[in-house]
Each structure stands twice: as structure tokens, then as C-alpha cells.
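Down below is the structure, laid out as C-alpha cells.
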Amino acid sequence: MQSHSNTIVVIGTGGTIAGVGSSASDHTGYTAAQLGVAQLVAAVPSLSGAPLEVHQLAQVDSKDMDFGVWRELAQAVAQALARPEVAGVVVTHGTDTLEETAWFLQSVLAPSKPVVLTAAMRPATALSADGPQNLVDAMTVAAWPGARGVVAVLCGRVHAAADVRKAHTYQVDAFDSGDAGPVALVEAGSLRLLRPWPEGQALDWERVWALEPAAWPWVEIVTSTAGARGEAVRALVHAGVRGLVVAGTGNGSIHRDLEAALAEAQAQGVTVWRASRCGAGPVLGAHPRGWPSVGTLTPAKARVALMLALMPV
Ligand code: SIN
């Protein structure tokens, strides 16, 4: 780690990094979110004596992440970053929804200090657990002079919140940044910067804090497929959905029957945005119905973006 002169706040939310398996070879049948973040930090000898503060904010398998935790997490991160002695924040998280949490935090806070999400594909009890090294690398990034924005650090790569996505179900090297590539590499405790740190415009997040999570605008993802039908869209509209992200085929194209139902939804006041179900690449060009493209955002991140766009001002 380059600097010990500033405090790093480490916030635990659960995940496989805090997971416990029945044996050292158990990589898939373990239980996530069992160990406290203080235990994870204490298990790494090189972090002993580092200027750290540790907070357990949640203890969840990230498949169950919810907006209540997101709001609390964003508030805790904002409060930590506002302290002059804090250089950066590390958040331990599950891998399954890490990209959504990262994008939510970047969209809401666009921080000028580093906020580093890290995770693990193997539980803490695995013979070759990846969590300890990921945690050390995340600390390196959080303390790095000039680092800023929300990033994810896994397997020696620093990914921007806008680009990071989980791209493999079980391999240790499960994350990538699509066409953009990583922001930096962590190499033997040092950073090799490959492109600029993420920048952005923070939301007026007091409007996010003010709204109870149960009242956050309801947005769903619908996927265009061969033989797609419009009934799911009509049911969602009937149930009160406010926004729909279409995970389109290829360059965001949409099956004609789904498109017809989406046009009906739009006529009833539902906002429709277009993403692609491909794992990488932007959605280019305009749609005849004027439904905007979300660029390179994955459908899951586009859903977060549309939800924030629909928040009352
Ligand atoms: C989770 O997302 O909490 C479980 C899976 C993982 O962290 O790899």
C-alpha cells in the first residue's frame, strides 16, 4: 500500500468474500455472508496496523440486495468521504449484484475520492480463497493518490462502475469491463493506470434519501427473444410499473409483438429505454419510436439509471 497517512473506511455488506464452506474444496455449495468484515480484515496480516475503520453495514448474499441497504450504504459512504482524514472507502460485497451497487453509488455520489467495491468468487474457507488478495488490492486503490470515483477491484483489475460486469458464473477471473477495458491494474502493491479515473455528475442525492425505498420508481427489464410475447409487459403495466428497460437482441432490436406491447405501455405513461442482451457493445442509432439507447450500460445498470431518472425532483 502506498500511503498509510490517511484513514480507509471499510464497510462490510456480506457476499462470498465473507462466505463459509463445508470444506476447503467447496467452491459452490457454501453459505455467503457469514463472517464479519472485521474478521476478513484481521485475517490479512499485511493490513495489521493500517489506518482502518471497519463498519458492518449489512450481512447479505447480494442476490438479496435491496434499496434499503443501498440507501444506507450511500449515506454511510457519503459521510465517510466528507471526513478530511478519510482517503477512501472500501466496500466488501457479493459478486452477483456488485455491478448494480457500484453503478448506483457512482450515479448518486460521483465521488472525488475513491470508493472501491471488492468481492470474491471463492468463500473465505477455500484452499485458494481470492478474497484476501482482493481486499489488499482494494485497500491499495482506496489509498492511491489521485484515485477517484466508484470502481470495482477484483483479480488485480480496477474496473469503472459504468463498465464492470460479472461475465462468468464461477471462475475466479469473473469480471470484465467490456470494450472499455479496466481503468488500472494492481501490480505487486502498485497501480498501473491505463485510462482516466471515472468522472461524473453527482445526483441531488437528498431527493434519494428523502424517498422511502418502497416508493422508489418501479422499473423492470423485459428481454426480447424469438417468439417474444407482449403479455408480460401488459401485466407489468397493469401492476403499476413506471419504467421498462428492453434487453433487446443484438443492437437493441425488439421483437414486433413485444414492441407493440411496449408502445401501448408508453401510451399509458411508462418510460421505455433500450439496452442489449449482448454482453458487450453499445446500442447504436435511433429507434423509430424514439426509445432512447442506454449506450454501453448493461440492462441491470440501465434499470438503475432509469429508476434514478424517474425519481421525483
Ligand atoms: C453474493 O453475491 O453475495 C454471492 C456470490 C458471490 O459473492 O460470489
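Please note that chains go A, B, ... in the order of the C-alpha cells, that every chain numbers its residues from 1, and that ligands are numbered from 1 in the order shown.
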For this session: Please identify every polymer residue within 7 Å of ligand 1, using only C-alpha atoms and all ligand atoms, and present the set as a ChimeraX atom specification.
Result: /A:14-17,32-33,60-63,93-97,119-122
If you run DSSP on the backbone, which residues of segment 96-166 of chain A are alpha helix (DSSP H), as a compact mmCIF listing (two decimals) with N, CA and C atoms, in the first residue's frame?
```txt
# COMPACT_ATOMS: atom_id res chain seq x y z
N LEU A 98 -22.82 -6.86 -7.58
CA LEU A 98 -21.80 -5.82 -7.33
C LEU A 98 -21.87 -4.70 -8.37
N GLU A 99 -22.10 -5.08 -9.64
CA GLU A 99 -22.08 -4.04 -10.68
C GLU A 99 -23.24 -3.07 -10.52
N GLU A 100 -24.37 -3.56 -10.00
CA GLU A 100 -25.52 -2.66 -9.80
C GLU A 100 -25.26 -1.70 -8.65
N THR A 101 -24.71 -2.22 -7.55
CA THR A 101 -24.40 -1.36 -6.40
C THR A 101 -23.35 -0.33 -6.79
N ALA A 102 -22.33 -0.77 -7.54
CA ALA A 102 -21.27 0.16 -7.95
C ALA A 102 -21.86 1.29 -8.80
N TRP A 103 -22.74 0.93 -9.73
CA TRP A 103 -23.32 1.95 -10.62
C TRP A 103 -24.28 2.88 -9.86
N PHE A 104 -25.00 2.31 -8.91
CA PHE A 104 -25.88 3.15 -8.07
C PHE A 104 -25.04 4.18 -7.31
N LEU A 105 -23.97 3.71 -6.67
CA LEU A 105 -23.13 4.63 -5.87
C LEU A 105 -22.48 5.68 -6.77
N GLN A 106 -21.98 5.27 -7.94
CA GLN A 106 -21.36 6.24 -8.84
C GLN A 106 -22.39 7.26 -9.32
N SER A 107 -23.59 6.79 -9.66
CA SER A 107 -24.61 7.70 -10.19
C SER A 107 -25.06 8.70 -9.13
N VAL A 108 -25.17 8.24 -7.90
CA VAL A 108 -25.70 9.11 -6.85
C VAL A 108 -24.61 10.03 -6.31
N LEU A 109 -23.40 9.49 -6.09
CA LEU A 109 -22.37 10.26 -5.38
C LEU A 109 -21.29 10.84 -6.30
N GLY A 131 -10.51 -13.77 -1.76
CA GLY A 131 -10.90 -12.57 -1.02
C GLY A 131 -9.76 -11.80 -0.40
N PRO A 132 -8.82 -12.46 0.31
CA PRO A 132 -7.76 -11.69 0.98
C PRO A 132 -6.94 -10.82 0.02
N GLN A 133 -6.54 -11.37 -1.12
CA GLN A 133 -5.75 -10.55 -2.06
C GLN A 133 -6.61 -9.43 -2.66
N ASN A 134 -7.88 -9.74 -2.95
CA ASN A 134 -8.76 -8.69 -3.48
C ASN A 134 -8.92 -7.56 -2.47
N LEU A 135 -9.00 -7.92 -1.19
CA LEU A 135 -9.13 -6.89 -0.14
C LEU A 135 -7.87 -6.03 -0.06
N VAL A 136 -6.72 -6.66 -0.11
CA VAL A 136 -5.45 -5.91 -0.09
C VAL A 136 -5.37 -4.99 -1.31
N ASP A 137 -5.74 -5.50 -2.48
CA ASP A 137 -5.70 -4.68 -3.70
C ASP A 137 -6.68 -3.51 -3.60
N ALA A 138 -7.85 -3.78 -3.04
CA ALA A 138 -8.85 -2.71 -2.88
C ALA A 138 -8.31 -1.61 -1.96
N MET A 139 -7.62 -2.02 -0.89
CA MET A 139 -7.04 -1.04 0.03
C MET A 139 -5.97 -0.21 -0.68
N THR A 140 -5.20 -0.86 -1.52
CA THR A 140 -4.18 -0.14 -2.29
C THR A 140 -4.82 0.95 -3.14
N VAL A 141 -5.92 0.59 -3.82
CA VAL A 141 -6.59 1.56 -4.69
C VAL A 141 -7.22 2.69 -3.87
N ALA A 142 -7.84 2.33 -2.74
CA ALA A 142 -8.51 3.34 -1.91
C ALA A 142 -7.51 4.35 -1.35
```
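Neighbours of Ile8 of chain A closer than or equal to 10 Å, with only C-alpha atoms counted and sequence neighbours fewer than 2 positions away skipped, come out as A:His4, A:Ser5, A:Asn6, A:Val10, A:Ile11, A:Ala50, A:Pro51, A:Leu52, A:Glu53, A:Val54, A:Ala80, A:Leu81, A:Glu85, A:Val86, A:Ala87, A:Gly88, A:Val89, A:Val90, A:Pro114, A:Val115, A:Met139, A:Thr140, A:Ala142, A:Ala143.
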For this session: Going by DSSP on the backbone, which bits of segment 102-270 of chain A are strand (DSSP E)? Write them as JSON, numbers by chain, please.
Result: {"A": [114, 115, 116, 117, 118, 149, 150, 151, 152, 153, 154, 157, 158, 159, 160, 165, 166, 175, 176, 184, 185, 186, 187, 190, 191, 192, 193, 219, 220, 221, 222, 223, 243, 244, 245, 246, 247, 248]}
For this session: Show which residues sit within 6 Å of segment 176-182 of chain A, as a VMD selection string. Count only C-alpha atoms, and ignore same-chain residues fewer than 2 positions away.
Result: chain A and resid 158 to 159 163 to 165 184 280
Please save all heavy atoms of the selected residues as a compact mmCIF listing (two decimals), in the first residue's frame.
```txt
# COMPACT_ATOMS: atom_id res chain seq x y z
N VAL A 158 -8.80 -3.05 -11.95
CA VAL A 158 -9.63 -1.96 -11.43
C VAL A 158 -10.63 -1.61 -12.52
O VAL A 158 -10.24 -1.15 -13.61
CB VAL A 158 -8.77 -0.73 -11.08
CG1 VAL A 158 -9.64 0.37 -10.47
CG2 VAL A 158 -7.63 -1.10 -10.14
N HIS A 159 -11.92 -1.85 -12.27
CA HIS A 159 -12.97 -1.62 -13.26
C HIS A 159 -13.81 -0.41 -12.87
O HIS A 159 -14.21 -0.27 -11.71
CB HIS A 159 -13.91 -2.82 -13.34
CG HIS A 159 -13.24 -4.12 -13.68
ND1 HIS A 159 -12.93 -4.49 -14.97
CD2 HIS A 159 -12.81 -5.15 -12.88
CE1 HIS A 159 -12.36 -5.70 -14.95
NE2 HIS A 159 -12.27 -6.11 -13.70
N ASP A 163 -18.66 0.36 -16.38
CA ASP A 163 -18.28 -0.70 -17.33
C ASP A 163 -18.27 -2.10 -16.73
O ASP A 163 -18.40 -3.08 -17.47
CB ASP A 163 -16.88 -0.40 -17.90
CG ASP A 163 -16.83 0.97 -18.55
OD1 ASP A 163 -17.71 1.25 -19.38
OD2 ASP A 163 -15.93 1.76 -18.20
N VAL A 164 -18.07 -2.19 -15.41
CA VAL A 164 -17.84 -3.52 -14.83
C VAL A 164 -19.08 -4.40 -14.95
O VAL A 164 -20.20 -3.95 -14.81
CB VAL A 164 -17.39 -3.38 -13.35
CG1 VAL A 164 -18.49 -2.82 -12.47
CG2 VAL A 164 -16.88 -4.71 -12.82
N ARG A 165 -18.83 -5.67 -15.25
CA ARG A 165 -19.91 -6.64 -15.26
C ARG A 165 -19.36 -8.02 -14.91
O ARG A 165 -18.21 -8.34 -15.23
CB ARG A 165 -20.66 -6.68 -16.59
CG ARG A 165 -20.03 -7.39 -17.76
CD ARG A 165 -19.13 -6.59 -18.68
NE ARG A 165 -19.43 -5.21 -18.94
CZ ARG A 165 -20.04 -4.77 -20.03
NH1 ARG A 165 -20.48 -5.60 -20.93
NH2 ARG A 165 -20.17 -3.49 -20.22
N ALA A 184 -7.25 0.36 -14.47
CA ALA A 184 -5.87 0.18 -13.98
C ALA A 184 -5.65 -1.27 -13.63
O ALA A 184 -6.60 -2.06 -13.51
CB ALA A 184 -5.63 1.07 -12.77
N ALA A 280 -21.65 -7.23 -24.42
CA ALA A 280 -20.75 -6.09 -24.62
C ALA A 280 -21.18 -5.30 -25.84
O ALA A 280 -21.89 -5.82 -26.71
CB ALA A 280 -19.31 -6.58 -24.80
```
For this session: Please indicate the distance in Å from atom CA of Ala110 of chain A to atom CA of Ala247 of chain A, rounded to one decimal place.
Result: 25.8 Å
Problem set entry | Selection: 9 Å around Val241 of chain A, only C-alpha atoms, excl. self and same-chain fewer than 5 positions, as a ChimeraX atom specification | /A:217-220,236,270
For this session: Show which residues sit within 12 Å of Gly250 of chain A, as a ChimeraX atom specification. Count only C-alpha atoms, and ignore same-chain residues fewer than 4 positions away.
Result: /A:223-225,246,254-255,274-284
Keeping all heavy atoms for every residue in the selection just given, could you write it to a file as a compact mmCIF listing (two decimals), in the first residue's frame?
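What ended up in again_24.txt:
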```
# COMPACT_ATOMS: atom_id res chain seq x y z
N THR A 223 -36.98 -8.89 -21.78
CA THR A 223 -35.99 -9.35 -22.75
C THR A 223 -36.68 -9.73 -24.06
O THR A 223 -37.70 -10.42 -24.04
CB THR A 223 -35.24 -10.58 -22.18
OG1 THR A 223 -34.66 -10.20 -20.94
CG2 THR A 223 -34.14 -11.05 -23.12
N SER A 224 -36.11 -9.25 -25.15
CA SER A 224 -36.64 -9.63 -26.46
C SER A 224 -36.01 -10.96 -26.88
O SER A 224 -34.79 -11.13 -26.79
CB SER A 224 -36.32 -8.55 -27.50
OG SER A 224 -37.03 -8.81 -28.69
N THR A 225 -36.86 -11.88 -27.31
CA THR A 225 -36.40 -13.23 -27.68
C THR A 225 -37.18 -13.68 -28.92
O THR A 225 -38.20 -13.07 -29.27
CB THR A 225 -36.71 -14.25 -26.56
OG1 THR A 225 -38.11 -14.20 -26.33
CG2 THR A 225 -35.95 -13.95 -25.28
N VAL A 246 -35.74 -2.51 -22.14
CA VAL A 246 -35.80 -3.69 -23.03
C VAL A 246 -34.38 -4.17 -23.25
O VAL A 246 -33.54 -3.41 -23.75
CB VAL A 246 -36.38 -3.36 -24.42
CG1 VAL A 246 -36.81 -4.64 -25.10
CG2 VAL A 246 -37.49 -2.36 -24.34
N ILE A 254 -36.00 -5.20 -31.26
CA ILE A 254 -37.09 -5.70 -30.39
C ILE A 254 -38.10 -6.47 -31.25
O ILE A 254 -38.54 -5.98 -32.30
CB ILE A 254 -37.79 -4.51 -29.70
CG1 ILE A 254 -36.77 -3.66 -28.92
CG2 ILE A 254 -38.89 -5.00 -28.75
CD1 ILE A 254 -37.32 -2.32 -28.43
N HIS A 255 -38.49 -7.65 -30.79
CA HIS A 255 -39.50 -8.47 -31.50
C HIS A 255 -40.77 -7.65 -31.69
O HIS A 255 -41.20 -6.93 -30.78
CB HIS A 255 -39.78 -9.72 -30.65
CG HIS A 255 -40.65 -10.72 -31.33
ND1 HIS A 255 -42.00 -10.53 -31.52
CD2 HIS A 255 -40.36 -11.93 -31.88
CE1 HIS A 255 -42.51 -11.59 -32.15
NE2 HIS A 255 -41.52 -12.44 -32.37
N ARG A 274 -33.88 1.45 -24.22
CA ARG A 274 -33.34 0.26 -24.90
C ARG A 274 -31.91 -0.06 -24.50
O ARG A 274 -31.03 0.82 -24.54
CB ARG A 274 -33.34 0.47 -26.41
CG ARG A 274 -34.70 0.34 -27.07
CD ARG A 274 -34.58 0.53 -28.56
NE ARG A 274 -33.82 1.70 -28.90
CZ ARG A 274 -32.87 1.75 -29.83
NH1 ARG A 274 -32.54 0.67 -30.51
NH2 ARG A 274 -32.24 2.87 -30.09
N ALA A 275 -31.69 -1.32 -24.14
CA ALA A 275 -30.34 -1.85 -23.89
C ALA A 275 -30.19 -3.07 -24.80
O ALA A 275 -31.06 -3.35 -25.62
CB ALA A 275 -30.19 -2.24 -22.43
N SER A 276 -29.08 -3.79 -24.65
CA SER A 276 -28.88 -5.00 -25.44
C SER A 276 -28.64 -6.18 -24.52
O SER A 276 -28.02 -6.05 -23.46
CB SER A 276 -27.67 -4.85 -26.36
OG SER A 276 -27.40 -6.11 -26.98
N ARG A 277 -29.13 -7.33 -24.93
CA ARG A 277 -28.86 -8.54 -24.14
C ARG A 277 -27.48 -9.13 -24.47
O ARG A 277 -27.06 -10.10 -23.83
CB ARG A 277 -29.96 -9.59 -24.35
CG ARG A 277 -30.00 -10.13 -25.75
CD ARG A 277 -31.09 -11.16 -25.94
NE ARG A 277 -30.66 -12.14 -26.91
CZ ARG A 277 -31.41 -13.10 -27.40
NH1 ARG A 277 -32.66 -13.24 -27.00
NH2 ARG A 277 -30.94 -13.96 -28.27
N CYS A 278 -26.78 -8.57 -25.46
CA CYS A 278 -25.39 -8.98 -25.71
C CYS A 278 -24.55 -8.56 -24.50
O CYS A 278 -24.85 -7.56 -23.84
CB CYS A 278 -24.83 -8.30 -26.95
SG CYS A 278 -25.61 -8.79 -28.48
N GLY A 279 -23.51 -9.26 -24.23
CA GLY A 279 -22.71 -8.94 -23.06
C GLY A 279 -21.84 -7.71 -23.21
O GLY A 279 -21.34 -7.17 -22.22
N ALA A 280 -21.65 -7.23 -24.42
CA ALA A 280 -20.75 -6.09 -24.62
C ALA A 280 -21.18 -5.30 -25.84
O ALA A 280 -21.89 -5.82 -26.71
CB ALA A 280 -19.31 -6.58 -24.80
N GLY A 281 -20.74 -4.05 -25.90
CA GLY A 281 -21.03 -3.18 -27.05
C GLY A 281 -22.18 -2.24 -26.76
O GLY A 281 -23.05 -2.52 -25.93
N PRO A 282 -22.19 -1.09 -27.46
CA PRO A 282 -23.27 -0.11 -27.27
C PRO A 282 -24.50 -0.45 -28.13
O PRO A 282 -24.41 -1.24 -29.06
CB PRO A 282 -22.62 1.18 -27.78
CG PRO A 282 -21.68 0.71 -28.86
CD PRO A 282 -21.17 -0.64 -28.41
N VAL A 283 -25.62 0.18 -27.82
CA VAL A 283 -26.78 0.17 -28.72
C VAL A 283 -26.70 1.45 -29.53
O VAL A 283 -26.81 2.55 -28.99
CB VAL A 283 -28.10 0.09 -27.91
CG1 VAL A 283 -29.30 0.28 -28.82
CG2 VAL A 283 -28.18 -1.25 -27.18
N LEU A 284 -26.47 1.29 -30.84
CA LEU A 284 -26.22 2.45 -31.71
C LEU A 284 -27.48 2.82 -32.50
O LEU A 284 -28.28 1.95 -32.83
CB LEU A 284 -25.10 2.12 -32.70
CG LEU A 284 -23.73 1.83 -32.11
CD1 LEU A 284 -22.77 1.33 -33.19
CD2 LEU A 284 -23.16 3.06 -31.43
```
For this session: Counting only C-alpha atoms, figure out which residue out of A:Ala82, A:Cys155, A:Val91, A:Met311 gets nearest to Trp70 of chain A.
Result: A:Val91
Problem set entry | For Val41 of chain A, the nearest of the candidates A:Arg71, A:Gly290, A:Val9, A:Ala152, counting only C-alpha atoms |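 Of the candidates, the smallest distance to Val41 of chain A is held by A:Val9.
Atom CA of Glu264 of chain A is found 11.4 Å from atom CA of His238 of chain A.
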Problem set entry | For atom CA of Ala58 of chain A and atom CA of Arg207 of chain A, the interatomic separation in Å (one decimal) |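 Interatomic distance, atom CA of Ala58 of chain A to atom CA of Arg207 of chain A: 22.9 Å.
Around Pro312 of chain A, within 10 Å and counting only C-alpha atoms, the residues found are Arg207, Val208, Leu211, Trp216, Pro217, Leu308, Ala309 and Leu310 of chain A, once anything fewer than 2 positions away on its own chain is removed.
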Take the residues from that selection and write them out as a compact mmCIF listing (two decimals), in the first residue's frame, keeping C-alpha atoms.
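Below is the file again08.txt, written as the result:
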```
# COMPACT_ATOMS: atom_id res chain seq x y z
CA ARG A 207 -34.01 13.59 -3.03
CA VAL A 208 -32.93 9.94 -2.96
CA LEU A 211 -37.83 8.98 -0.53
CA TRP A 216 -38.57 4.33 -5.43
CA PRO A 217 -39.90 4.18 -9.01
CA LEU A 308 -32.99 7.32 -10.67
CA ALA A 309 -34.19 9.32 -13.69
CA LEU A 310 -37.78 8.73 -12.61
```
For this session: Pick out the closest residue to Thr92 of chain A from this set: A:Ser48, A:Gln39, A:Thr13, A:Thr31. Count only C-alpha atoms.
Result: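 So, comparing all the options, the nearest one is A:Thr13.
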